[in-house]
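Have a look at target26.pdb; it's PDB, C-alpha atoms, pLDDT in the B column:
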```pdb
ATOM      1  CA  MET A  30      31.976 -27.790 110.647  1.00 44.00           C
ATOM      2  CA  ASP A  31      33.379 -25.565 113.400  1.00 57.00           C
ATOM      3  CA  PRO A  32      32.790 -21.829 113.009  1.00 67.00           C
ATOM      4  CA  VAL A  33      35.777 -19.623 112.201  1.00 78.00           C
ATOM      5  CA  LEU A  34      36.420 -17.445 115.231  1.00 83.00           C
ATOM      6  CA  SER A  35      38.779 -14.540 115.883  1.00 84.00           C
ATOM      7  CA  VAL A  36      39.343 -15.585 119.520  1.00 88.00           C
ATOM      8  CA  SER A  37      40.575 -18.823 121.034  1.00 88.00           C
ATOM      9  CA  TYR A  38      38.331 -21.451 122.599  1.00 88.00           C
ATOM     10  CA  GLU A  39      40.117 -20.632 125.861  1.00 90.00           C
ATOM     11  CA  THR A  40      38.757 -17.081 125.636  1.00 90.00           C
ATOM     12  CA  ILE A  41      35.265 -18.404 124.991  1.00 92.00           C
ATOM     13  CA  ALA A  42      35.560 -20.796 127.936  1.00 93.00           C
ATOM     14  CA  ARG A  43      36.823 -17.998 130.212  1.00 93.00           C
ATOM     15  CA  PHE A  44      33.958 -15.748 129.133  1.00 95.00           C
ATOM     16  CA  PHE A  45      31.243 -18.349 129.674  1.00 96.00           C
ATOM     17  CA  GLU A  46      32.719 -19.406 133.000  1.00 96.00           C
ATOM     18  CA  ALA A  47      32.555 -15.793 134.239  1.00 96.00           C
ATOM     19  CA  ALA A  48      29.066 -15.374 132.743  1.00 97.00           C
ATOM     20  CA  GLU A  49      27.866 -18.583 134.410  1.00 96.00           C
ATOM     21  CA  GLY A  50      27.200 -20.165 131.029  1.00 95.00           C
ATOM     22  CA  ASN A  51      24.835 -17.483 129.792  1.00 97.00           C
ATOM     23  CA  TYR A  52      25.826 -14.510 127.642  1.00 97.00           C
ATOM     24  CA  ARG A  53      22.759 -12.673 128.966  1.00 97.00           C
ATOM     25  CA  ASN A  54      24.655 -12.181 132.248  1.00 98.00           C
ATOM     26  CA  ALA A  55      27.197 -10.020 130.433  1.00 98.00           C
ATOM     27  CA  MET A  56      27.144  -6.389 129.380  1.00 98.00           C
ATOM     28  CA  TYR A  57      26.810  -5.505 125.714  1.00 98.00           C
ATOM     29  CA  ILE A  58      29.357  -2.937 124.498  1.00 96.00           C
ATOM     30  CA  ILE A  59      28.481  -0.879 121.459  1.00 94.00           C
ATOM     31  CA  CYS A  60      31.863   0.095 120.072  1.00 89.00           C
ATOM     32  CA  SER A  61      31.800   3.458 118.403  1.00 81.00           C
ATOM     33  CA  CYS A  62      35.449   4.346 118.790  1.00 75.00           C
ATOM     34  CA  SER A  63      37.062   6.222 115.960  1.00 67.00           C
ATOM     35  CA  LYS A  64      40.390   4.420 116.288  1.00 60.00           C
ATOM     36  CA  GLU A  65      39.724   1.433 114.071  1.00 56.00           C
ATOM     37  CA  GLN A  66      41.464   2.012 110.763  1.00 55.00           C
ATOM     38  CA  LYS A  67      39.340  -0.465 108.826  1.00 59.00           C
ATOM     39  CA  GLY A  68      36.002   0.977 109.906  1.00 58.00           C
ATOM     40  CA  VAL A  69      33.786  -0.167 112.749  1.00 67.00           C
ATOM     41  CA  CYS A  70      35.233  -2.520 115.371  1.00 79.00           C
ATOM     42  CA  GLY A  71      31.991  -4.357 115.960  1.00 88.00           C
ATOM     43  CA  ASP A  72      30.225  -4.876 119.244  1.00 94.00           C
ATOM     44  CA  PHE A  73      31.439  -6.908 122.206  1.00 96.00           C
ATOM     45  CA  LEU A  74      30.139  -8.828 125.184  1.00 97.00           C
ATOM     46  CA  PHE A  75      31.899  -7.891 128.437  1.00 96.00           C
ATOM     47  CA  ILE A  76      32.016  -9.324 131.903  1.00 96.00           C
ATOM     48  CA  PRO A  77      34.615  -8.697 134.617  1.00 94.00           C
ATOM     49  CA  GLY A  78      36.723 -11.719 135.471  1.00 90.00           C
ATOM     50  CA  HIS A  79      37.364 -12.923 139.012  1.00 89.00           C
ATOM     51  CA  ASP A  80      40.309 -10.491 139.150  1.00 90.00           C
ATOM     52  CA  SER A  81      38.199  -7.609 137.720  1.00 89.00           C
ATOM     53  CA  ILE A  82      40.128  -7.719 134.452  1.00 90.00           C
ATOM     54  CA  PRO A  83      37.600  -7.410 131.642  1.00 94.00           C
ATOM     55  CA  ILE A  84      36.760 -10.497 129.645  1.00 94.00           C
ATOM     56  CA  LEU A  85      35.647  -9.554 126.155  1.00 94.00           C
ATOM     57  CA  LEU A  86      34.027 -11.605 123.439  1.00 95.00           C
ATOM     58  CA  PRO A  87      33.295 -10.091 120.034  1.00 94.00           C
ATOM     59  CA  CYS A  88      29.585 -10.432 119.310  1.00 96.00           C
ATOM     60  CA  SER A  89      30.403 -11.851 115.888  1.00 93.00           C
ATOM     61  CA  ASP A  90      32.294 -14.708 117.573  1.00 93.00           C
ATOM     62  CA  ALA A  91      29.549 -15.256 120.150  1.00 95.00           C
ATOM     63  CA  GLU A  92      26.973 -15.455 117.370  1.00 95.00           C
ATOM     64  CA  ALA A  93      29.065 -17.877 115.328  1.00 93.00           C
ATOM     65  CA  PHE A  94      29.795 -20.036 118.366  1.00 93.00           C
ATOM     66  CA  LEU A  95      26.205 -20.084 119.642  1.00 94.00           C
ATOM     67  CA  GLY A  96      24.545 -20.168 116.240  1.00 94.00           C
ATOM     68  CA  THR A  97      22.180 -17.345 117.138  1.00 95.00           C
ATOM     69  CA  LEU A  98      21.994 -13.576 116.887  1.00 96.00           C
ATOM     70  CA  ILE A  99      22.821 -11.637 120.048  1.00 97.00           C
ATOM     71  CA  ASP A 100      20.146  -9.123 120.982  1.00 96.00           C
ATOM     72  CA  CYS A 101      21.679  -6.352 123.081  1.00 97.00           C
ATOM     73  CA  THR A 102      18.439  -5.946 125.037  1.00 97.00           C
ATOM     74  CA  ASP A 103      18.783  -9.542 126.306  1.00 97.00           C
ATOM     75  CA  CYS A 104      22.047  -8.684 128.079  1.00 98.00           C
ATOM     76  CA  ALA A 105      22.476  -7.427 131.645  1.00 97.00           C
ATOM     77  CA  GLY A 106      23.032  -3.927 130.317  1.00 97.00           C
ATOM     78  CA  ILE A 107      24.312  -1.883 127.416  1.00 97.00           C
ATOM     79  CA  LEU A 108      27.471   0.244 127.511  1.00 96.00           C
ATOM     80  CA  ARG A 109      28.896   2.537 124.914  1.00 95.00           C
ATOM     81  CA  SER A 110      32.604   1.988 124.366  1.00 91.00           C
ATOM     82  CA  LYS A 111      33.250   5.493 125.690  1.00 91.00           C
ATOM     83  CA  THR A 112      31.711   4.494 129.029  1.00 94.00           C
ATOM     84  CA  PHE A 113      33.795   1.316 129.157  1.00 94.00           C
ATOM     85  CA  PHE A 114      36.935   3.374 128.426  1.00 91.00           C
ATOM     86  CA  GLN A 115      36.039   5.754 131.281  1.00 93.00           C
ATOM     87  CA  LEU A 116      35.481   2.874 133.717  1.00 94.00           C
ATOM     88  CA  TYR A 117      38.773   1.190 132.872  1.00 93.00           C
ATOM     89  CA  HIS A 118      40.866   4.230 131.875  1.00 92.00           C
ATOM     90  CA  LYS A 119      43.676   3.693 134.417  1.00 93.00           C
ATOM     91  CA  TRP A 120      43.992   0.008 133.573  1.00 91.00           C
ATOM     92  CA  LEU A 121      43.838   0.746 129.836  1.00 90.00           C
ATOM     93  CA  ASP A 122      46.691   3.237 130.245  1.00 89.00           C
ATOM     94  CA  LEU A 123      48.792   0.416 131.705  1.00 89.00           C
ATOM     95  CA  VAL A 124      48.018  -2.371 129.239  1.00 87.00           C
ATOM     96  CA  THR A 125      47.416  -0.656 125.907  1.00 86.00           C
ATOM     97  CA  ASP A 126      50.305   0.748 123.976  1.00 80.00           C
ATOM     98  CA  SER A 127      48.805   2.845 121.266  1.00 71.00           C
ATOM     99  CA  ASN A 128      46.110   5.377 120.599  1.00 71.00           C
ATOM    100  CA  GLN A 129      46.054   4.138 117.009  1.00 69.00           C
ATOM    101  CA  ASP A 130      44.034   0.970 117.610  1.00 79.00           C
ATOM    102  CA  CYS A 131      40.753   0.342 119.371  1.00 84.00           C
ATOM    103  CA  PRO A 132      41.450  -0.440 123.057  1.00 87.00           C
ATOM    104  CA  LEU A 133      38.901  -3.273 122.945  1.00 88.00           C
ATOM    105  CA  LYS A 134      40.767  -4.934 120.091  1.00 85.00           C
ATOM    106  CA  GLN A 135      44.052  -4.374 121.920  1.00 85.00           C
ATOM    107  CA  ILE A 136      42.665  -6.099 125.017  1.00 86.00           C
ATOM    108  CA  LEU A 137      41.725  -9.091 122.888  1.00 83.00           C
ATOM    109  CA  SER A 138      45.118  -9.340 121.271  1.00 82.00           C
ATOM    110  CA  LEU A 139      47.080  -8.730 124.487  1.00 78.00           C
ATOM    111  CA  LEU A 140      45.210 -10.952 126.901  1.00 68.00           C
ATOM    112  CA  TYR A 141      43.231 -13.561 125.057  1.00 58.00           C
ATOM    113  CA  GLN A 142      44.897 -14.747 121.863  1.00 51.00           C
TER     114      GLN A 142
END
```

Starting from the file, lay out its structure as structure tokens.
Amino acid sequence: MDPVLSVSYETIARFFEAAEGNYRNAMYIICSCSKEQKGVCGDFLFIPGHDSIPILLPCSDAEAFLGTLIDCTDCAGILRSKTFFQLYHKWLDLVTDSNQDCPLKQILSLLYQ
């Protein structure tokens, strides 16, 4: 049976294409933003796309898809969400529309659903 995922298979394909087929080539984002109304957002895998637009994959989806637990120390590096927000702050200002929701979740819903 296929796992239930919150992102499309297109998003997964885009992520793994950019990561050259290996999630370990991506950065691990520990999301600790206080904007998620239902608690913690969860962690994400991140890699810039060919156009530098971030490609995100929730770790829960990566684990369900791969059938294994993602160890953050296996990834290319670890970022806190605050650092990601600082790196992409100008772009986030353009594409996100609310300070009410986690920007990482907004990116997923805007670009990859």

Selection near Ile76 (chain A), 12 Å with all atoms listed in the file, sequence-local residues under 2 positions removed, as a PyMOL selection string: chain A and resi 41+43-58+73-74+78-87+104-108+113

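Distance-wise, CA of Asp126 (chain A) and CA of Cys60 (chain A) end up 18.9 Å apart.
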
To box region 102-109 of chain A, take all atoms listed in the file, fit an axis-aligned box, add 3 Å on each side, and give centre and edge lengths in Å to one decimal, as AutoDock Vina command-line options.
```
--center_x 23.7 --center_y -3.5 --center_z 128.3 --size_x 16.5 --size_y 18.1 --size_z 12.7
```

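One finds CA of Lys119 (chain A) at 27.6 Å from CA of Ala91 (chain A).
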
Point (26.4, -13.2, 117.5), cut-off 12 Å, counting all atoms listed in the file, residues as a PyMOL selection string: chain A and resi 32+34+52+57+71-74+86-101

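Put simply, the PyMOL selection byres ((chain A and resi 114) around 12) in this file takes in Ile58, Ile59, Cys60, Ser61, Cys62, Pro83, Leu108, Arg109, Ser110, Lys111, Thr112, Phe113, Gln115, Leu116, Tyr117, His118, Lys119, Trp120, Leu121, Asp122, Thr125, Cys131, Pro132, Leu133 and Ile136 of chain A.
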
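Taking CA of Val36 (chain A) and CA of Ser127 (chain A) as the two end points, the separation is 20.8 Å.
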